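J.: What follows is the file run_10.txt, containing compact mmCIF, C-alpha atoms and all ligand atoms:
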# COMPACT_ATOMS: atom_id res chain seq x y z
CA MET L 1 0.00 0.00 0.00
CA ILE L 2 1.26 3.44 -0.94
CA HIS L 3 -0.26 6.51 0.68
CA VAL L 4 0.15 10.17 -0.20
CA THR L 5 2.93 10.38 2.36
CA LYS L 6 4.81 8.24 4.85
CA THR L 7 6.18 9.49 8.14
CA TYR L 8 9.96 9.79 8.13
CA LEU L 9 11.46 7.80 10.98
CA PRO L 10 15.07 8.70 11.79
CA ASN L 11 17.75 6.30 13.00
CA LYS L 12 16.34 4.47 16.03
CA GLU L 13 19.63 4.20 17.94
CA LYS L 14 20.10 7.96 17.68
CA TYR L 15 16.62 8.61 19.02
CA ILE L 16 17.20 6.16 21.89
CA GLN L 17 20.36 8.04 22.86
CA TYR L 18 18.24 11.17 23.27
CA VAL L 19 15.65 9.20 25.24
CA ASP L 20 18.43 7.99 27.55
CA GLU L 21 19.44 11.59 28.14
CA ILE L 22 15.85 12.54 28.93
CA TYR L 23 15.61 9.67 31.42
CA LYS L 24 18.86 10.72 33.07
CA SER L 25 17.74 14.32 33.51
CA GLY L 26 14.20 13.36 34.53
CA TRP L 27 13.01 16.49 32.71
CA ILE L 28 10.33 15.41 30.24
CA THR L 29 8.42 18.62 29.48
CA ASN L 30 8.17 22.34 30.46
CA ASN L 31 10.81 24.16 28.42
CA GLY L 32 13.45 21.44 28.82
CA PRO L 33 16.95 21.18 27.34
CA MET L 34 15.87 19.25 24.19
CA LEU L 35 13.24 21.87 23.39
CA LYS L 36 15.71 24.71 23.90
CA LYS L 37 18.25 23.01 21.68
CA LEU L 38 15.67 22.44 18.94
CA GLU L 39 14.48 26.06 19.09
CA GLU L 40 18.07 27.24 18.72
CA ARG L 41 18.90 24.87 15.87
CA LEU L 42 15.69 25.66 13.99
CA ALA L 43 16.20 29.43 14.30
CA LYS L 44 19.64 29.02 12.79
CA TYR L 45 18.64 26.54 10.10
CA LEU L 46 15.58 28.50 8.99
CA GLY L 47 17.22 31.92 9.29
CA VAL L 48 14.64 33.41 11.67
CA LYS L 49 14.84 35.28 14.97
CA ASN L 50 12.39 33.67 17.41
CA VAL L 51 11.07 30.11 17.23
CA VAL L 52 8.38 29.31 19.80
CA LEU L 53 7.71 25.57 19.78
CA VAL L 54 4.17 24.42 20.56
CA SER L 55 2.10 21.24 20.73
CA ASN L 56 0.77 21.38 17.14
CA GLY L 57 0.18 23.59 14.11
CA THR L 58 -3.46 24.31 14.90
CA THR L 59 -2.52 25.58 18.36
CA ALA L 60 0.23 27.67 16.74
CA LEU L 61 -2.45 29.48 14.71
CA GLU L 62 -4.65 29.99 17.78
CA ILE L 63 -1.77 31.35 19.85
CA ALA L 64 -0.83 33.66 16.98
CA TYR L 65 -4.33 35.23 16.93
CA ARG L 66 -4.29 35.63 20.72
CA THR L 67 -0.78 37.06 20.80
CA LEU L 68 -1.97 39.77 18.41
CA ASP L 69 -5.32 40.27 20.24
CA LEU L 70 -7.31 39.81 17.04
CA GLU L 71 -11.05 40.48 16.99
CA GLY L 72 -13.79 40.65 14.39
CA PHE L 73 -13.12 39.48 10.83
CA ALA L 74 -10.07 37.84 9.28
CA ILE L 75 -9.65 37.59 5.52
CA THR L 76 -8.37 34.15 4.60
CA THR L 77 -8.23 31.56 1.84
CA PRO L 78 -10.90 28.89 1.32
CA PHE L 79 -8.30 26.60 -0.28
CA SER L 80 -6.41 25.14 2.67
CA PHE L 81 -6.52 22.48 5.35
CA VAL L 82 -9.56 22.96 7.57
CA ALA L 83 -7.46 24.07 10.59
CA THR L 84 -6.73 27.45 8.96
CA THR L 85 -10.44 28.29 9.15
CA SER L 86 -11.55 26.30 12.20
CA SER L 87 -8.85 27.92 14.36
CA LEU L 88 -10.31 31.34 13.51
CA VAL L 89 -13.85 30.25 14.39
CA THR L 90 -12.85 28.65 17.70
CA ASN L 91 -11.18 31.95 18.64
CA GLY L 92 -14.27 34.02 17.93
CA LEU L 93 -13.07 35.37 14.59
CA LEU L 94 -15.20 35.30 11.46
CA PRO L 95 -13.38 33.99 8.37
CA ILE L 96 -14.02 36.11 5.29
CA PHE L 97 -12.94 34.15 2.24
CA ALA L 98 -11.04 35.80 -0.59
CA ASP L 99 -10.83 33.61 -3.67
CA ILE L 100 -7.57 32.10 -4.88
CA ASP L 101 -5.49 32.48 -8.02
CA GLU L 102 -6.23 29.49 -10.23
CA LYS L 103 -2.56 28.99 -11.16
CA THR L 104 -0.66 29.60 -7.90
CA LEU L 105 -3.53 28.20 -5.75
CA ASN L 106 -2.77 30.95 -3.21
CA LEU L 107 -5.05 33.70 -1.95
CA ASP L 108 -5.18 36.33 -4.73
CA PRO L 109 -4.22 39.77 -3.34
CA LYS L 110 -6.55 41.36 -5.92
CA ASN L 111 -9.52 39.89 -4.04
CA ILE L 112 -8.55 41.13 -0.57
CA GLU L 113 -9.11 44.87 -0.57
CA LYS L 114 -12.80 44.88 -1.53
CA LEU L 115 -13.54 42.61 1.46
CA ILE L 116 -11.99 44.91 4.07
CA THR L 117 -14.46 46.55 6.48
CA PRO L 118 -13.99 48.43 9.80
CA ASN L 119 -14.40 45.03 11.52
CA THR L 120 -11.45 43.45 9.70
CA SER L 121 -8.42 42.95 11.93
CA ALA L 122 -6.21 40.55 9.99
CA ILE L 123 -5.27 38.67 6.84
CA VAL L 124 -4.51 34.94 7.21
CA PRO L 125 -2.97 33.66 3.96
CA VAL L 126 -1.50 30.19 3.44
CA HIS L 127 1.63 29.34 1.42
CA VAL L 128 -0.30 26.50 -0.18
CA PHE L 129 1.82 23.37 -0.77
CA GLY L 130 4.86 25.49 0.13
CA ASN L 131 4.31 27.95 -2.74
CA THR L 132 5.15 31.46 -1.52
CA CYS L 133 2.24 33.93 -1.51
CA GLU L 134 2.53 37.37 -3.08
CA VAL L 135 4.00 38.57 0.20
CA GLU L 136 4.84 42.10 -0.92
CA ALA L 137 1.36 42.85 -2.29
CA ILE L 138 -0.19 41.45 0.90
CA GLU L 139 2.14 43.55 3.06
CA GLU L 140 1.19 46.69 1.15
CA ILE L 141 -2.54 46.08 1.67
CA ALA L 142 -2.02 45.28 5.35
CA ASN L 143 0.01 48.44 5.95
CA LYS L 144 -2.48 50.61 4.11
CA HIS L 145 -5.41 49.32 6.19
CA ASN L 146 -3.54 48.71 9.45
CA LEU L 147 -4.18 44.96 9.47
CA LYS L 148 -2.12 42.18 11.04
CA VAL L 149 -0.84 39.36 8.82
CA ILE L 150 -0.54 35.80 10.08
CA TYR L 151 0.83 33.34 7.56
CA ASP L 152 -0.24 29.74 7.95
CA ALA L 153 3.14 28.43 6.81
CA ALA L 154 2.43 24.81 7.73
CA HIS L 155 3.70 23.76 4.28
CA ALA L 156 6.53 26.28 3.96
CA PHE L 157 9.28 24.78 6.09
CA ASP L 158 12.63 26.12 4.87
CA VAL L 159 11.25 28.09 1.91
CA LYS L 160 13.29 31.14 0.94
CA TYR L 161 11.86 34.25 -0.70
CA LYS L 162 14.49 36.40 -2.41
CA ASP L 163 17.31 36.36 0.17
CA THR L 164 15.41 35.59 3.34
CA SER L 165 13.17 32.96 4.91
CA VAL L 166 9.57 33.35 3.82
CA LEU L 167 8.75 32.89 7.50
CA ASN L 168 10.06 36.40 8.19
CA TYR L 169 7.05 37.92 6.38
CA GLY L 170 3.92 38.97 8.23
CA ASP L 171 3.58 39.64 11.96
CA ILE L 172 3.67 35.92 12.73
CA SER L 173 4.16 32.76 10.65
CA THR L 174 3.06 29.41 11.98
CA LEU L 175 4.43 25.95 11.19
CA SER L 176 3.08 22.44 11.69
CA PHE L 177 5.45 19.65 12.67
CA HIS L 178 2.87 16.89 12.42
CA ALA L 179 4.15 13.42 11.48
CA THR L 180 2.89 13.87 7.90
CA LYS L 181 4.76 17.13 7.30
CA LEU L 182 8.15 17.60 5.62
CA PHE L 183 9.84 18.21 8.98
CA HIS L 184 8.16 16.70 12.03
CA THR L 185 8.29 16.24 15.79
CA ILE L 186 5.56 13.50 15.91
CA GLU L 187 3.01 16.18 16.87
CA GLY L 188 4.15 19.77 17.08
CA GLY L 189 4.33 23.20 15.61
CA ALA L 190 5.95 26.60 15.96
CA LEU L 191 5.37 30.32 15.85
CA ILE L 192 7.97 32.41 14.04
CA ILE L 193 7.89 35.94 15.42
CA ASN L 194 10.25 38.79 14.56
CA ASP L 195 9.21 41.05 17.42
CA ASP L 196 10.89 39.95 20.69
CA LYS L 197 8.13 41.34 22.92
CA LEU L 198 5.43 39.46 21.01
CA ALA L 199 7.53 36.29 21.11
CA GLN L 200 7.75 36.63 24.89
CA LYS L 201 3.99 37.12 25.09
CA ALA L 202 3.43 33.96 23.03
CA ARG L 203 5.70 32.08 25.45
CA TYR L 204 3.49 33.18 28.36
CA LEU L 205 0.31 32.25 26.49
CA ILE L 206 1.44 28.68 25.81
CA ASN L 207 2.15 28.23 29.53
CA PHE L 208 -1.21 29.20 31.09
CA GLY L 209 -0.43 32.93 30.87
CA ILE L 210 2.01 32.63 33.76
CA GLU L 211 4.80 35.23 33.79
CA ASN L 212 6.43 34.11 37.01
CA ALA L 213 5.60 32.26 40.23
CA GLU L 214 3.44 35.11 41.51
CA SER L 215 2.03 36.71 38.39
CA ILE L 216 -0.52 35.47 35.83
CA PRO L 217 -1.34 38.58 33.78
CA HIS L 218 -2.44 36.81 30.57
CA LEU L 219 -5.31 34.51 29.67
CA GLY L 220 -3.27 31.54 28.52
CA THR L 221 -3.59 27.88 27.70
CA ASN L 222 -1.37 24.80 27.71
CA ALA L 223 0.31 24.39 24.33
CA LYS L 224 3.74 23.10 25.27
CA MET L 225 5.87 20.67 23.27
CA ASN L 226 7.43 17.86 25.32
CA GLU L 227 11.03 16.61 25.37
CA PHE L 228 10.36 13.36 23.47
CA GLU L 229 8.85 15.35 20.62
CA ALA L 230 11.74 17.83 20.63
CA ALA L 231 14.21 14.92 20.53
CA MET L 232 12.43 13.50 17.48
CA GLY L 233 12.79 16.93 15.87
CA LEU L 234 16.54 16.99 16.58
CA CYS L 235 16.90 13.62 14.83
CA VAL L 236 14.76 14.54 11.80
CA LEU L 237 16.55 17.89 11.42
CA ASP L 238 19.87 16.02 11.00
CA ASP L 239 18.43 14.33 7.90
CA ILE L 240 16.35 17.15 6.42
CA GLU L 241 18.65 17.94 3.48
CA GLU L 242 18.63 14.30 2.40
CA ILE L 243 14.83 14.15 2.76
CA LYS L 244 14.45 17.25 0.62
CA ASN L 245 16.82 16.01 -2.07
CA LYS L 246 14.92 12.75 -2.42
CA ARG L 247 11.62 14.61 -2.67
CA LYS L 248 13.08 16.91 -5.31
CA THR L 249 14.03 13.91 -7.46
CA ILE L 250 10.50 12.50 -7.09
CA SER L 251 8.88 15.85 -7.87
CA ASP L 252 11.08 16.44 -10.93
CA SER L 253 10.23 13.01 -12.25
CA TYR L 254 6.45 13.51 -11.87
CA LYS L 255 6.75 16.87 -13.65
CA LYS L 256 8.73 15.44 -16.52
CA GLU L 257 6.53 12.37 -17.03
CA LEU L 258 3.10 13.95 -16.59
CA LYS L 259 3.76 17.18 -18.46
CA GLY L 260 0.86 18.06 -20.75
CA LEU L 261 -1.47 15.51 -19.13
CA VAL L 262 -2.15 17.43 -15.91
CA THR L 263 -1.52 20.99 -14.68
CA PHE L 264 1.09 21.70 -12.03
CA GLN L 265 1.00 24.57 -9.54
CA GLU L 266 2.65 27.74 -10.85
CA GLN L 267 5.55 28.50 -8.51
CA ASN L 268 6.54 31.92 -7.21
CA GLU L 269 9.56 32.87 -9.34
CA ASN L 270 11.41 34.58 -6.49
CA ALA L 271 11.05 31.72 -4.04
CA SER L 272 12.65 28.34 -3.46
CA GLU L 273 10.62 25.13 -3.30
CA ASN L 274 10.63 22.50 -0.56
CA TYR L 275 8.93 19.70 -2.55
CA SER L 276 6.59 18.88 0.32
CA TYR L 277 3.63 18.06 -1.97
CA VAL L 278 3.01 17.14 -5.60
CA PRO L 279 -0.44 18.55 -6.42
CA VAL L 280 -1.81 17.93 -9.91
CA VAL L 281 -4.91 19.56 -11.39
CA PHE L 282 -7.11 17.62 -13.81
CA LYS L 283 -9.42 18.99 -16.52
CA ASN L 284 -12.50 18.00 -14.53
CA GLU L 285 -13.61 15.96 -11.53
CA LYS L 286 -14.57 13.00 -13.73
CA GLU L 287 -10.98 12.69 -14.92
CA LEU L 288 -9.73 12.92 -11.33
CA LEU L 289 -12.10 10.18 -10.16
CA LYS L 290 -11.01 7.94 -13.01
CA VAL L 291 -7.33 8.34 -12.09
CA GLN L 292 -8.05 7.93 -8.39
CA LYS L 293 -9.97 4.69 -9.04
CA SER L 294 -7.17 3.23 -11.19
CA LEU L 295 -4.59 4.07 -8.51
CA ASN L 296 -6.75 2.73 -5.68
CA GLU L 297 -7.08 -0.59 -7.55
CA LYS L 298 -3.29 -0.88 -7.32
CA GLN L 299 -3.39 -0.06 -3.59
CA ILE L 300 -2.11 3.48 -4.22
CA PHE L 301 -3.89 6.21 -2.30
CA PRO L 302 -3.32 9.81 -3.36
CA ARG L 303 -5.24 12.44 -1.37
CA ARG L 304 -7.80 15.00 -2.44
CA TYR L 305 -6.02 18.01 -0.91
CA PHE L 306 -7.88 20.29 -0.40
CA TYR L 307 -11.43 19.05 -0.63
CA PRO L 308 -13.97 20.38 0.04
CA SER L 309 -13.33 24.10 -0.37
CA LEU L 310 -13.63 25.69 3.08
CA ASP L 311 -16.26 28.22 1.98
CA THR L 312 -18.68 25.26 1.89
CA LEU L 313 -18.29 24.42 5.61
CA ASP L 314 -21.65 24.18 7.36
CA TYR L 315 -20.61 26.11 10.46
CA ILE L 316 -19.58 29.27 8.60
CA GLU L 317 -22.28 31.97 8.61
CA PRO L 318 -23.01 34.02 6.58
CA LYS L 319 -22.62 31.77 3.53
CA GLN L 320 -19.90 32.79 1.10
CA GLU L 321 -18.91 31.48 -2.31
CA CYS L 322 -15.46 31.37 -3.88
CA LYS L 323 -15.91 29.97 -7.37
CA ILE L 324 -12.27 29.34 -8.24
CA SER L 325 -11.51 27.54 -4.98
CA ARG L 326 -14.60 25.34 -5.33
CA ASP L 327 -13.69 24.49 -8.91
CA ILE L 328 -10.02 23.68 -8.15
CA SER L 329 -10.81 21.65 -5.04
CA LYS L 330 -12.98 19.32 -7.14
CA ARG L 331 -10.18 18.46 -9.55
CA ILE L 332 -6.92 18.48 -7.60
CA LEU L 333 -5.07 15.47 -6.25
CA CYS L 334 -1.81 15.22 -4.27
CA LEU L 335 0.37 12.38 -5.55
CA PRO L 336 2.43 10.17 -3.23
CA THR L 337 5.80 11.67 -2.31
CA PHE L 338 8.08 10.76 0.58
CA ALA L 339 11.75 9.96 1.07
CA GLU L 340 11.27 6.18 0.94
CA LEU L 341 9.21 6.07 -2.27
CA THR L 342 11.21 3.94 -4.70
CA GLN L 343 11.76 4.62 -8.39
CA ASP L 344 9.85 1.41 -9.22
CA GLU L 345 6.87 2.46 -7.13
CA GLN L 346 6.86 5.89 -8.72
CA ASN L 347 7.01 4.33 -12.20
CA ILE L 348 3.88 2.30 -11.39
CA ILE L 349 2.07 5.45 -10.20
CA ILE L 350 3.06 7.35 -13.34
CA SER L 351 2.14 4.59 -15.78
CA THR L 352 -1.20 4.02 -14.02
CA ILE L 353 -2.06 7.72 -14.35
CA LYS L 354 -0.99 7.79 -18.00
CA LYS L 355 -3.11 4.74 -18.79
CA ALA L 356 -6.17 6.15 -17.00
CA LEU L 357 -5.91 9.40 -18.96
C1 LIG L 401 -1.22 20.42 8.87
C2 LIG L 401 -1.81 21.78 8.72
C3 LIG L 401 -2.29 22.51 9.82
C4 LIG L 401 -2.47 21.91 11.18
O1 LIG L 401 -1.32 21.45 11.78
P1 LIG L 401 -1.41 20.32 12.91
O2 LIG L 401 -0.01 20.24 13.41
O3 LIG L 401 -1.86 19.06 12.27
O4 LIG L 401 -2.36 20.81 13.96
C5 LIG L 401 -2.71 23.82 9.61
N1 LIG L 401 -2.69 24.37 8.38
C6 LIG L 401 -2.26 23.70 7.30
C7 LIG L 401 -2.23 24.39 5.98
C8 LIG L 401 -1.82 22.37 7.43
O5 LIG L 401 -1.45 21.69 6.34
How would this structure read if it were set down as structure tokens?
Ligand SMILES: *Cc1c(COP(=O)(O)O)cnc(C)c1O

T.:
Amino acid sequence: MIHVTKTYLPNKEKYIQYVDEIYKSGWITNNGPMLKKLEERLAKYLGVKNVVLVSNGTTALEIAYRTLDLEGFAITTPFSFVATTSSLVTNGLLPIFADIDEKTLNLDPKNIEKLITPNTSAIVPVHVFGNTCEVEAIEEIANKHNLKVIYDAAHAFDVKYKDTSVLNYGDISTLSFHATKLFHTIEGGALIINDDKLAQKARYLINFGIENAESIPHLGTNAKMNEFEAAMGLCVLDDIEEIKNKRKTISDSYKKELKGLVTFQEQNENASENYSYVPVVFKNEKELLKVQKSLNEKQIFPRRYFYPSLDTLDYIEPKQECKISRDISKRILCLPTFAELTQDEQNIIISTIKKAL
């Protein structure tokens, strides 16, 4: 069986050495030495100032909104994983959907400005499948209307825009380190925050709002990452270049072999890629279902990322409609890609798709 992705498991002996260290220290959570080491290494590797590690990527989004005291409406994309939208709703914010660009699959800046009202406090774009948003256009709109920008960068681990990390754009960028992501800590996530004061506030919020033994000035929650998760991150980070190289080879091969048969995402010219996903767009849903069925018969399970479009969620009121997102979400499929996928397996996937089309 081949799924859309497979969790990368690092060398077991190496992980056990870290576990031994954790046992020796007896410190298994609460800002321990493994977590501190991972925060330091990630800041350096990614080229960012403050990394605040948290329990998962959804919590990272929620903490980001609370760190910035957001209220009212947030303009976001309907073409993403459900957590981008549900995290807004659970924090009392109303998602206002701006439609996407059909080629880049990212929120189209042209659709943002007409949706801004006095109740709008933020823009929450997503670097979909690691493809960098039009960060400069978004920044200009945000500055003009005094809005905060929180990037859901769950897919954009180690993506560079021009000469800097894409994570340095916006007020806060959030990452997911879930087992299915390019870089993972089993479960986990992070906030990337340029402003030191805001980073400190986020650190209080993830620890019940406690500032010190006698002072609890913030309304916080518990969103801490534990030492076993941080240790997994230290191991995976050692291998990340190798993981990325393998995924690049797989991605290049899909692009070469399926050119003309399907449409690939148009990449931001000024940004690097991290090869975390291989999304392909079909002419229509019928074609997608045909390909999916042929692959499933061979025990190959691509995923319909992202389906359905989030503007169709029942719990969002008032109802909104983003035509491009709805159309794309019906005919896009993410093909299997992970470090352990063999050339033979990929050849079977490619030939099955070709035959079905
Ligand atoms: C995975 C993902 C999340 C949620 O991250 P978790 O760590 O699973 O909570 C949020 N947004 C996007 C775009 C994602 O892909």

J.: Select, from L:Lys148, L:Lys14, L:His155, L:Lys160, the residue with the minimum atom-to-atom distance to ligand LIG 401 (chain L), counting all atoms listed in the file.

T.: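 Of L:Lys148, L:Lys14, L:His155, L:Lys160, the one nearest ligand LIG 401 (chain L) is L:His155, counting all atoms listed in the file.
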
J.: If we draw a sphere of 10 Å around (-4.5, 28.0, 28.7), which residues have at least one atom in it when counting only C-alpha atoms? Please report them as a list in words.

T.: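 Residues found, by chain and rising number: Ile63, Tyr204, Leu205, Ile206, Asn207, Phe208, Gly209, Ile210, His218, Leu219, Gly220, Thr221, Asn222 and Ala223 of chain L.
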
J.: Counting all atoms listed in the file, what are the residues of chain L within 8 Å of ligand LIG 401 (chain L), and for each of them which pair of atoms is the nearest and at what distance in Å, to one decimal? Sort the table by chain and rising number, as JSON lines.

T.:
{"residue": "L:Ser55", "atom": "CA", "partner": "L:LIG401", "partner_atom": "O2", "distance": 7.7}
{"residue": "L:Asn56", "atom": "CA", "partner": "L:LIG401", "partner_atom": "O2", "distance": 4.0}
{"residue": "L:Gly57", "atom": "CA", "partner": "L:LIG401", "partner_atom": "O2", "distance": 3.4}
{"residue": "L:Thr58", "atom": "CA", "partner": "L:LIG401", "partner_atom": "O4", "distance": 3.8}
{"residue": "L:Thr59", "atom": "CA", "partner": "L:LIG401", "partner_atom": "O4", "distance": 6.5}
{"residue": "L:Ala60", "atom": "CA", "partner": "L:LIG401", "partner_atom": "O4", "distance": 7.8}
{"residue": "L:Leu61", "atom": "CA", "partner": "L:LIG401", "partner_atom": "C5", "distance": 7.6}
{"residue": "L:Ser80", "atom": "CA", "partner": "L:LIG401", "partner_atom": "C7", "distance": 5.4}
{"residue": "L:Phe81", "atom": "CA", "partner": "L:LIG401", "partner_atom": "C7", "distance": 4.7}
{"residue": "L:Val82", "atom": "CA", "partner": "L:LIG401", "partner_atom": "N1", "distance": 7.1}
{"residue": "L:Ala83", "atom": "CA", "partner": "L:LIG401", "partner_atom": "C5", "distance": 4.9}
{"residue": "L:Thr84", "atom": "CA", "partner": "L:LIG401", "partner_atom": "N1", "distance": 5.1}
{"residue": "L:Val126", "atom": "CA", "partner": "L:LIG401", "partner_atom": "C7", "distance": 6.4}
{"residue": "L:His127", "atom": "CA", "partner": "L:LIG401", "partner_atom": "C7", "distance": 7.8}
{"residue": "L:Val128", "atom": "CA", "partner": "L:LIG401", "partner_atom": "C7", "distance": 6.8}
{"residue": "L:Phe129", "atom": "CA", "partner": "L:LIG401", "partner_atom": "C7", "distance": 7.9}
{"residue": "L:Asp152", "atom": "CA", "partner": "L:LIG401", "partner_atom": "N1", "distance": 5.9}
{"residue": "L:Ala153", "atom": "CA", "partner": "L:LIG401", "partner_atom": "C7", "distance": 6.8}
{"residue": "L:Ala154", "atom": "CA", "partner": "L:LIG401", "partner_atom": "C6", "distance": 4.8}
{"residue": "L:His155", "atom": "CA", "partner": "L:LIG401", "partner_atom": "O5", "distance": 5.9}
{"residue": "L:Leu175", "atom": "CA", "partner": "L:LIG401", "partner_atom": "O1", "distance": 7.3}
{"residue": "L:Ser176", "atom": "CA", "partner": "L:LIG401", "partner_atom": "O2", "distance": 4.2}
{"residue": "L:Phe177", "atom": "CA", "partner": "L:LIG401", "partner_atom": "O2", "distance": 5.5}
{"residue": "L:His178", "atom": "CA", "partner": "L:LIG401", "partner_atom": "O2", "distance": 4.5}
{"residue": "L:Thr180", "atom": "CA", "partner": "L:LIG401", "partner_atom": "C1", "distance": 7.8}
{"residue": "L:Lys181", "atom": "CA", "partner": "L:LIG401", "partner_atom": "C1", "distance": 7.0}
{"residue": "L:Glu187", "atom": "CA", "partner": "L:LIG401", "partner_atom": "O2", "distance": 6.1}
{"residue": "L:Gly188", "atom": "CA", "partner": "L:LIG401", "partner_atom": "O2", "distance": 5.6}
{"residue": "L:Gly189", "atom": "CA", "partner": "L:LIG401", "partner_atom": "O2", "distance": 5.7}

J.: For the residues in the current selection, export C-alpha atoms as an mmCIF file, in the coordinates of the input.

T.:
data_model
loop_
_atom_site.group_PDB
_atom_site.id
_atom_site.type_symbol
_atom_site.label_atom_id
_atom_site.label_comp_id
_atom_site.auth_asym_id
_atom_site.auth_seq_id
_atom_site.Cartn_x
_atom_site.Cartn_y
_atom_site.Cartn_z
ATOM 1 C CA SER L 55 2.100 21.240 20.730
ATOM 2 C CA ASN L 56 0.770 21.380 17.140
ATOM 3 C CA GLY L 57 0.180 23.590 14.110
ATOM 4 C CA THR L 58 -3.460 24.310 14.900
ATOM 5 C CA THR L 59 -2.520 25.580 18.360
ATOM 6 C CA ALA L 60 0.230 27.670 16.740
ATOM 7 C CA LEU L 61 -2.450 29.480 14.710
ATOM 8 C CA SER L 80 -6.410 25.140 2.670
ATOM 9 C CA PHE L 81 -6.520 22.480 5.350
ATOM 10 C CA VAL L 82 -9.560 22.960 7.570
ATOM 11 C CA ALA L 83 -7.460 24.070 10.590
ATOM 12 C CA THR L 84 -6.730 27.450 8.960
ATOM 13 C CA VAL L 126 -1.500 30.190 3.440
ATOM 14 C CA HIS L 127 1.630 29.340 1.420
ATOM 15 C CA VAL L 128 -0.300 26.500 -0.180
ATOM 16 C CA PHE L 129 1.820 23.370 -0.770
ATOM 17 C CA ASP L 152 -0.240 29.740 7.950
ATOM 18 C CA ALA L 153 3.140 28.430 6.810
ATOM 19 C CA ALA L 154 2.430 24.810 7.730
ATOM 20 C CA HIS L 155 3.700 23.760 4.280
ATOM 21 C CA LEU L 175 4.430 25.950 11.190
ATOM 22 C CA SER L 176 3.080 22.440 11.690
ATOM 23 C CA PHE L 177 5.450 19.650 12.670
ATOM 24 C CA HIS L 178 2.870 16.890 12.420
ATOM 25 C CA THR L 180 2.890 13.870 7.900
ATOM 26 C CA LYS L 181 4.760 17.130 7.300
ATOM 27 C CA GLU L 187 3.010 16.180 16.870
ATOM 28 C CA GLY L 188 4.150 19.770 17.080
ATOM 29 C CA GLY L 189 4.330 23.200 15.610
#

J.: Which of these residues is nearest to Glu340 of chain L, using only C-alpha atoms: L:Val124, L:Val4, L:Ile141, L:Leu53?

T.: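 So, comparing all the options, the nearest one is L:Val4.
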
J.: So how far away is atom CA of Glu113 of chain L from atom CA of Ala137 of chain L, in Å?

T.: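 Distance reported for this atom pair: 10.8 Å.
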
J.: Here's a test: counting only C-alpha atoms, identify every protein, DNA and RNA residue with an atom at most 10 Å from (17.8, 10.5, 21.1) in the file's coordinate frame, and state them as a PyMOL selection string.

T.: chain L and resi 10-22+34+228+230-235

J.: For a test of reading the model, state the distance in Å between atom CA of Glu214 of chain L and atom CA of Ile28 of chain L, rounded to one decimal.

T.: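 That distance, rounded to one decimal, is 23.7 Å.
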
J.: So which residues touch Thr85 of chain L within 12 Å, counting only C-alpha atoms, skipping near sequence neighbours fewer than 6 positions away, as a list of chain:residue names?

T.: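 Close residues of Thr85 of chain L: L:Thr58, L:Leu61, L:Glu62, L:Phe73, L:Ala74, L:Ile75, L:Thr76, L:Thr77, L:Pro78, L:Phe79, L:Asn91, L:Gly92, L:Leu93, L:Leu94, L:Pro95, L:Ile96, L:Phe97, L:Ile123, L:Val124, L:Pro125, L:Val126, L:Asp152, L:Ser309, L:Leu310, L:Asp311, L:Thr312, L:Leu313, L:Tyr315, L:Ile316.
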
J.: Could you please determine the separation between atom CA of Arg303 of chain L and atom CA of Val281 of chain L in Å, to one decimal place?

T.: 12.3 Å
